[in-house]
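I have placed the structure first, in the form of structure tokens, so that the comments after it can refer back to it.
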Amino acid sequence: MSTAAEATVDYEVSTASSAPRERLATAAEAPELGMVSLIVPAMNEERNVEWVLERIPDVVDEVILVDGHSSDATVAVARAAYPGIIVVQQEGKGKGAALRTGFATARGEYIVMIDADGSMDPGEIGRYVDRLRDGCDLVKGSRYVEGGGSSDITVLRSAGNRGLMALVNVLYGARFTDLCYGFCGFRRRGLDQLGLDADGFEIETQIAVRALRAKIEIGEVPTFELPRRHGESNLNTFRDGQRVLRTLLRERFARTARRPELVPDEAPAPSGAPDPAVS
């Protein structure tokens, strides 16, 4: 596994203009090589989304707000905070559905997802992009490696996350240090192999286990979780924990005939990459 020092080296600043850009292509067209897209799912986050958008680093070329049919001024605040932002309405219900809407809209070769409540620091996005450019297909944030942490997670949530993570590591022979955390980055070729279909918070677990099954290159970077800035989280520890458990067991033991087998990209993995594990 890479050390925290390696994971947090300064990233190369994109040569593309940092100014927000108008949409130039449809999602059906090939992704733009080297382009970084940021997906921000949001529902009724008018008090939080400005803080997030104002801190997006220049490495990001395209920002997509996926609005979950907000009843407040989330969209108006977002457009004022980040002129040129792409706003799409979520298809379906739940965080997973919102993310899938964003993935289908994004044009970038590299795609990062971040929450709109201020619990994730946009200043860390460069860490994810750096690892993606180094060859990882999926980069997960970890609060439990050197340089990571949390000022928000409860003892109950931490215990549940560690228990589910240990189960995934045993069932899949992996070495994750964090599981139920949604700060992630993808290379387009890796994301396209996952066939994501989860609707709720369990999509974070589905991303991890399908990446293991597909044998794509996975990396971790340290991340620090902040308290939600305003309002109450939609996460329910027991309800969503049960959905995560059902998801990881279903993904591990479901008959392969129920959906096509995930096939790794033909491009060779970077030399020395563990299989399957986290680098």
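The chains in the structure tokens are called A, B, ... from first to last as shown; in each chain the residues are counted from 1, and the ligands are counted from 1 in the order shown.
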(request) Check the DSSP output for the backbone and give back, as a ChimeraX atom specification, the residues of stretch 128-178 of chain A in alpha helix (DSSP H). (result) /A:128-133,155-172
Residue selection dump (C-alpha atoms) as a short mmCIF file (atom, residue, chain, number, x, y, z; two decimals), in the first residue's frame:
```
data_model
loop_
_atom_site.label_atom_id
_atom_site.label_comp_id
_atom_site.auth_asym_id
_atom_site.auth_seq_id
_atom_site.Cartn_x
_atom_site.Cartn_y
_atom_site.Cartn_z
CA TYR A 128 -7.43 11.51 -6.24
CA VAL A 129 -6.58 12.91 -9.64
CA ASP A 130 -2.88 12.35 -9.02
CA ARG A 131 -3.41 8.64 -8.30
CA LEU A 132 -5.76 8.27 -11.27
CA ARG A 133 -3.17 9.80 -13.57
CA VAL A 155 -18.31 5.31 17.71
CA LEU A 156 -21.29 3.33 16.40
CA ARG A 157 -20.72 4.34 12.77
CA SER A 158 -17.00 3.63 13.04
CA ALA A 159 -17.60 0.19 14.51
CA GLY A 160 -20.14 -0.65 11.81
CA ASN A 161 -17.85 0.55 9.04
CA ARG A 162 -14.90 -1.43 10.38
CA GLY A 163 -17.01 -4.56 10.74
CA LEU A 164 -18.36 -4.36 7.20
CA MET A 165 -14.89 -3.54 5.87
CA ALA A 166 -13.41 -6.58 7.61
CA LEU A 167 -16.11 -8.76 6.06
CA VAL A 168 -15.33 -7.44 2.58
CA ASN A 169 -11.62 -8.01 3.12
CA VAL A 170 -12.25 -11.62 4.19
CA LEU A 171 -14.75 -12.43 1.43
CA TYR A 172 -12.73 -10.82 -1.36
#
```
(request) May I have the residues within 10 Å of A:Ile203 as a ChimeraX atom specification, using only C-alpha atoms and disregarding those fewer than 6 positions away in the same chain? (result) /A:94-97,99-100,180,182,196-197,209,243-244,247
(request) Using backbone DSSP assignments, extract all strand (DSSP E) residues from stretch 50-94 of chain A; output them as a VMD selection string. (result) chain A and resid 62 to 67 86 to 89
Within 9 Å of stretch 41-50 of chain A: each stretch 55-100 of chain A residue with its shortest pair, only C-alpha atoms, as CSV:
```
residue,atom,partner,partner_atom,distance
A:Arg55,CA,A:Glu50,CA,8.7
A:Ile64,CA,A:Pro41,CA,8.3
A:Leu65,CA,A:Pro41,CA,5.9
A:Val66,CA,A:Pro41,CA,4.6
A:Asp67,CA,A:Ala42,CA,5.2
A:Gly68,CA,A:Met43,CA,4.7
A:His69,CA,A:Met43,CA,6.6
A:Ser70,CA,A:Asn44,CA,4.9
A:Ser71,CA,A:Asn44,CA,6.3
A:Asp72,CA,A:Asn44,CA,5.5
A:Ala73,CA,A:Glu46,CA,5.5
A:Thr74,CA,A:Glu46,CA,4.1
A:Val75,CA,A:Glu46,CA,7.6
A:Ala76,CA,A:Glu46,CA,8.3
A:Val77,CA,A:Glu46,CA,6.2
A:Ala78,CA,A:Glu50,CA,6.1
A:Ala80,CA,A:Glu50,CA,8.4
A:Ala81,CA,A:Glu50,CA,5.7
A:Tyr82,CA,A:Glu50,CA,8.2
A:Gln90,CA,A:Pro41,CA,8.4
A:Lys95,CA,A:Pro41,CA,7.2
A:Ala98,CA,A:Pro41,CA,5.9
A:Leu99,CA,A:Pro41,CA,6.5
```
(request) Would you mind listing what lies within 7 Å of A:Pro222 as a list in words, with only C-alpha atoms counted and same-chain residues fewer than 5 positions away left out? (result)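 Contacts, with the query itself left out: Ala4, Gly141, Ser142, Arg143, Val145, Glu146, Gly147 and Gly148 of chain A.
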(request) Measure the distance from atom CA of A:Gly219 to atom CA of A:Asp137 in Å and round it to one decimal. (result) 8.0 Å
